[in-house]
Every structure is written in C-alpha cells, then in structure tokens.
Amino acid sequence: MRIIIAGGHGKIGLRLAERLKSGAVGLVRNPAHVADVEATGAEAVVCDLEKASLDEVTEIVRGADAVVFAAGAGPGSGAARKDTVDRAASVLLAEAAERAGVGRFIQISSMGAGKPPAPGRDEVWAAYIDAKTAAEEDLRRRDGLAWTIVRPGRLTDEPGTGLVRLAPEVPPGSVPRDDVAAVIMALLDNPGTAGQTLELVSGATPIRTLVATE
C-alpha cells in the first residue's frame, strides 16, 4: 500500500509512518524534517499545504491507496492558521485525492467538532473547532471519497495500550497518540468504516475488535 500522510512530521504522523514504513509517504512543510520521516522507513516529500496548488498536490497523491490528514497548525498558532491548516489544507488534500482517483481518505479531527465551541473557551480554541467542523462538512459532501473521520479526545504521549472506545459518540476522555495511530492503521484495513464519524478515547476493547464491528 502507498499511504500519503499530511502532517508527516507530527506526533501522530510519525507514529503512523513507523507502522507503515516503506508504504508511507510523509508530507512535511520544513525540509529540515525530512530526515526524521525517513528514519521511520517512510518516504518524505516536502509540500507546504498552505502554499501548494491543487495541481501540485494532485500529482503527489496520484497512485496512492489512501490519504490520511494528520496535519494541524499546532500549539502556539493563532486563529488564522487554524483556518489555513485545519480547514483549508484538509479541503485542498481532499480535493486533490478526489481528482487523482484516490478512494480512501481518513481525517483526524477532534472531539468537540460538529458543535458550536463550548462557551468560555478562548478565541483560538473556538477557531480550531470551527475549522475542524468545516473540514468535516467538506468531506461529507464528497461522493468520490470513501472517507472516515476520527475525533480523538485529549491527546497524550503515554504508551499506547491497544484498548480504546471507538463509536459515533463516547464520553469525553483522553487517548495516547500511539493508539490513535493504531486506530488509523486498522481503519485503513477496513474500508467498511467509510462514511462514519467516530469518536475515540481510551477504553477496554482491543482496537481490531472495535474496528471490525464498525
């Protein structure tokens, strides 16, 4: 399989690349990050999704079996970049995948997306949730993509357990990035989850068991 990972140098992207190894192509904005991606066994491609054209991204994803959107503006970024990365870059990548005939698209979103931001949260958080919601809405309009949306809870760097809760709605909670990457791997192997929006937190059920029943 050839899997394109947007956000290839992110904490989830690198974990996913480690699992896929030579089957992964990590997209990175900064050329200095190429070596880190290649150290996982994956290929690295320099592509700034905030600046790239649709034609450029279409050529990068052409021939891929699936695309994973794991990019994000990251901590410390302002409200404007939540829109240009968490929304616009996802829309660009989805459009490119559809044009290139890549059927499978997995988007890492966030628990809380799909609803108005909670009262009292700061402007940047509200912009982040609005951007994730808009990116999800764009995907749902695309008949040419077998998309699956994953909404993790609070992300941690604790070792993964392989035990999660994964369903259209789960109680708020946290989940290790290791387990998010493992869930993405399982979803890539199960196209029957296409068209679903799934929330994800730590739980008591093995990932393979849960994904097989979705």
# chains A, B, ... in the order shown; residues from 1 in each chain; ligands from 1
$ select_by_dssp --residues "chain A" --states "alpha helix (DSSP H)" --output "JSON, numbers by chain"
{"A": [11, 12, 13, 14, 15, 16, 17, 18, 19, 20, 34, 35, 36, 37, 38, 54, 55, 56, 57, 58, 59, 60, 61, 79, 80, 81, 90, 91, 92, 93, 94, 95, 96, 97, 98, 99, 100, 123, 124, 125, 126, 127, 128, 129, 130, 131, 132, 133, 134, 135, 136, 137, 138, 139, 140, 177, 178, 179, 180, 181, 182, 183, 184, 185, 186, 187, 188, 207, 208, 209, 210, 211, 212, 213]}
$ residues_around --residues "region 134-146 of chain A" --least-positions-apart "2" --cutoff "6 Å" --atoms "only C-alpha atoms" --output "number ranges by chain"
A: 87, 98, 103-104, 131-132, 194
$ select_by_dssp --residues "region 89-148 of chain A" --states "strand (DSSP E or B)" --output "ChimeraX atom specification"
/A:104-108,146-148
$ atom_distance --atom1 "CA of Glu169 (chain A)" --atom2 "CA of Ala118 (chain A)"
16.9 Å
$ closest_residue --among "A:Val67, A:Val180, A:Leu166, A:Ala113" --to "Ala97 (chain A)" --atoms "only C-alpha atoms"
A:Val67
$ residues_around --residues "Leu155 (chain A)" --least-positions-apart "5" --cutoff "8 Å" --atoms "only C-alpha atoms" --output "ChimeraX atom specification"
/A:174-177
$ closest_residue --among "A:Asp65, A:Ala70, A:Arg165, A:Asn190" --to "Pro206 (chain A)" --atoms "only C-alpha atoms"
A:Arg165
$ residues_around --residues "Ile5 (chain A)" --least-positions-apart "4" --cutoff "9 Å" --atoms "only C-alpha atoms" --output "VMD selection string"
chain A and resid 13 16 to 17 24 to 27 66 to 71
$ residues_around --residues "Ala212 (chain A)" --least-positions-apart "3" --cutoff "9 Å" --atoms "only C-alpha atoms" --output "ChimeraX atom specification"
/A:186-187,190,192-193,207-209
$ residues_around --residues "Ala35 (chain A)" --least-positions-apart "5" --cutoff "10 Å" --atoms "only C-alpha atoms" --output "VMD selection string"
chain A and resid 9 40 42 to 44
$ residues_around --residues "Gly153 (chain A)" --least-positions-apart "2" --cutoff "10 Å" --atoms "only C-alpha atoms" --output "PyMOL selection string"
chain A and resi 109-112+150-151+155-156+170-176+180+199-202
$ write_last_selection --atoms "N, CA and C atoms" --output "PDB file, in the first residue's frame"
ATOM      1  N   SER A 109      -9.762  14.491  13.144  1.00  0.00           N
ATOM      2  CA  SER A 109     -10.446  15.714  13.539  1.00  0.00           C
ATOM      3  C   SER A 109     -10.252  15.913  15.042  1.00  0.00           C
ATOM      4  N   SER A 110     -11.278  16.270  15.756  1.00  0.00           N
ATOM      5  CA  SER A 110     -11.167  16.492  17.192  1.00  0.00           C
ATOM      6  C   SER A 110     -12.519  16.296  17.845  1.00  0.00           C
ATOM      7  N   MET A 111     -12.516  15.687  19.012  1.00  0.00           N
ATOM      8  CA  MET A 111     -13.747  15.646  19.786  1.00  0.00           C
ATOM      9  C   MET A 111     -14.184  17.084  20.064  1.00  0.00           C
ATOM     10  N   GLY A 112     -15.454  17.346  19.889  1.00  0.00           N
ATOM     11  CA  GLY A 112     -15.985  18.707  20.001  1.00  0.00           C
ATOM     12  C   GLY A 112     -16.346  19.298  18.663  1.00  0.00           C
ATOM     13  N   VAL A 150     -12.130  10.599  12.277  1.00  0.00           N
ATOM     14  CA  VAL A 150     -11.823  10.158  13.635  1.00  0.00           C
ATOM     15  C   VAL A 150     -11.670  11.395  14.515  1.00  0.00           C
ATOM     16  N   ARG A 151     -12.415  11.428  15.612  1.00  0.00           N
ATOM     17  CA  ARG A 151     -12.363  12.547  16.546  1.00  0.00           C
ATOM     18  C   ARG A 151     -11.750  12.080  17.871  1.00  0.00           C
ATOM     19  N   LEU A 155      -5.207  14.369  23.538  1.00  0.00           N
ATOM     20  CA  LEU A 155      -4.089  13.529  23.115  1.00  0.00           C
ATOM     21  C   LEU A 155      -2.975  13.540  24.158  1.00  0.00           C
ATOM     22  N   THR A 156      -2.387  12.352  24.405  1.00  0.00           N
ATOM     23  CA  THR A 156      -1.276  12.240  25.345  1.00  0.00           C
ATOM     24  C   THR A 156      -0.126  11.498  24.672  1.00  0.00           C
ATOM     25  N   VAL A 170     -18.830   9.000  22.296  1.00  0.00           N
ATOM     26  CA  VAL A 170     -18.280   8.417  23.521  1.00  0.00           C
ATOM     27  C   VAL A 170     -18.122   9.522  24.546  1.00  0.00           C
ATOM     28  N   PRO A 171     -18.022   9.192  25.838  1.00  0.00           N
ATOM     29  CA  PRO A 171     -17.808  10.231  26.844  1.00  0.00           C
ATOM     30  C   PRO A 171     -16.455  10.902  26.647  1.00  0.00           C
ATOM     31  N   PRO A 172     -16.311  12.158  27.065  1.00  0.00           N
ATOM     32  CA  PRO A 172     -15.018  12.834  26.948  1.00  0.00           C
ATOM     33  C   PRO A 172     -13.922  12.058  27.672  1.00  0.00           C
ATOM     34  N   GLY A 173     -12.716  12.156  27.157  1.00  0.00           N
ATOM     35  CA  GLY A 173     -11.599  11.459  27.763  1.00  0.00           C
ATOM     36  C   GLY A 173     -10.328  11.736  26.992  1.00  0.00           C
ATOM     37  N   SER A 174      -9.290  11.002  27.309  1.00  0.00           N
ATOM     38  CA  SER A 174      -8.007  11.158  26.642  1.00  0.00           C
ATOM     39  C   SER A 174      -7.651   9.877  25.906  1.00  0.00           C
ATOM     40  N   VAL A 175      -6.613   9.956  25.069  1.00  0.00           N
ATOM     41  CA  VAL A 175      -6.160   8.787  24.321  1.00  0.00           C
ATOM     42  C   VAL A 175      -4.699   9.014  23.923  1.00  0.00           C
ATOM     43  N   PRO A 176      -3.833   8.003  24.091  1.00  0.00           N
ATOM     44  CA  PRO A 176      -2.446   8.160  23.642  1.00  0.00           C
ATOM     45  C   PRO A 176      -2.360   8.283  22.122  1.00  0.00           C
ATOM     46  N   VAL A 180      -4.034   6.309  18.701  1.00  0.00           N
ATOM     47  CA  VAL A 180      -4.661   6.961  17.546  1.00  0.00           C
ATOM     48  C   VAL A 180      -4.038   6.414  16.261  1.00  0.00           C
ATOM     49  N   GLU A 199     -15.789   8.887  17.368  1.00  0.00           N
ATOM     50  CA  GLU A 199     -15.049   9.498  18.470  1.00  0.00           C
ATOM     51  C   GLU A 199     -14.165   8.439  19.122  1.00  0.00           C
ATOM     52  N   LEU A 200     -13.030   8.878  19.675  1.00  0.00           N
ATOM     53  CA  LEU A 200     -12.016   7.936  20.149  1.00  0.00           C
ATOM     54  C   LEU A 200     -11.423   8.393  21.469  1.00  0.00           C
ATOM     55  N   VAL A 201     -11.486   7.515  22.463  1.00  0.00           N
ATOM     56  CA  VAL A 201     -10.794   7.719  23.741  1.00  0.00           C
ATOM     57  C   VAL A 201     -10.275   6.362  24.199  1.00  0.00           C
ATOM     58  N   SER A 202      -9.470   6.365  25.243  1.00  0.00           N
ATOM     59  CA  SER A 202      -9.008   5.102  25.811  1.00  0.00           C
ATOM     60  C   SER A 202     -10.193   4.326  26.377  1.00  0.00           C
TER      61      SER A 202
END
$ atom_distance --atom1 "CA of Ile3 (chain A)" --atom2 "CA of Asp130 (chain A)"
27.2 Å
$ decode --residues "region 170-184 of chain A" --atoms "N, CA, C and O atoms" --output "tab-separated table (two decimals), in the first residue's frame"
chain	number	residue	atom	x	y	z
A	170	VAL	N	-18.83	9.00	22.30
A	170	VAL	CA	-18.28	8.42	23.52
A	170	VAL	C	-18.12	9.52	24.55
A	170	VAL	O	-18.07	10.71	24.19
A	171	PRO	N	-18.02	9.19	25.84
A	171	PRO	CA	-17.81	10.23	26.84
A	171	PRO	C	-16.46	10.90	26.65
A	171	PRO	O	-15.52	10.29	26.12
A	172	PRO	N	-16.31	12.16	27.06
A	172	PRO	CA	-15.02	12.83	26.95
A	172	PRO	C	-13.92	12.06	27.67
A	172	PRO	O	-14.18	11.37	28.66
A	173	GLY	N	-12.72	12.16	27.16
A	173	GLY	CA	-11.60	11.46	27.76
A	173	GLY	C	-10.33	11.74	26.99
A	173	GLY	O	-10.29	12.59	26.10
A	174	SER	N	-9.29	11.00	27.31
A	174	SER	CA	-8.01	11.16	26.64
A	174	SER	C	-7.65	9.88	25.91
A	174	SER	O	-8.28	8.82	26.11
A	175	VAL	N	-6.61	9.96	25.07
A	175	VAL	CA	-6.16	8.79	24.32
A	175	VAL	C	-4.70	9.01	23.92
A	175	VAL	O	-4.34	10.11	23.49
A	176	PRO	N	-3.83	8.00	24.09
A	176	PRO	CA	-2.45	8.16	23.64
A	176	PRO	C	-2.36	8.28	22.12
A	176	PRO	O	-3.12	7.64	21.39
A	177	ARG	N	-1.41	9.07	21.68
A	177	ARG	CA	-1.20	9.19	20.23
A	177	ARG	C	-0.83	7.84	19.61
A	177	ARG	O	-1.16	7.58	18.46
A	178	ASP	N	-0.14	7.00	20.37
A	178	ASP	CA	0.15	5.65	19.88
A	178	ASP	C	-1.13	4.93	19.46
A	178	ASP	O	-1.18	4.27	18.41
A	179	ASP	N	-2.15	5.03	20.29
A	179	ASP	CA	-3.40	4.33	19.99
A	179	ASP	C	-4.17	4.99	18.85
A	179	ASP	O	-4.87	4.31	18.10
A	180	VAL	N	-4.03	6.31	18.70
A	180	VAL	CA	-4.66	6.96	17.55
A	180	VAL	C	-4.04	6.41	16.26
A	180	VAL	O	-4.75	6.07	15.31
A	181	ALA	N	-2.72	6.32	16.22
A	181	ALA	CA	-2.04	5.78	15.04
A	181	ALA	C	-2.47	4.34	14.77
A	181	ALA	O	-2.68	3.94	13.62
A	182	ALA	N	-2.61	3.56	15.83
A	182	ALA	CA	-3.04	2.16	15.67
A	182	ALA	C	-4.46	2.08	15.13
A	182	ALA	O	-4.78	1.20	14.30
A	183	VAL	N	-5.32	2.98	15.58
A	183	VAL	CA	-6.70	3.00	15.06
A	183	VAL	C	-6.69	3.37	13.58
A	183	VAL	O	-7.42	2.75	12.78
A	184	ILE	N	-5.89	4.34	13.19
A	184	ILE	CA	-5.81	4.70	11.77
A	184	ILE	C	-5.36	3.51	10.94
A	184	ILE	O	-5.91	3.24	9.86
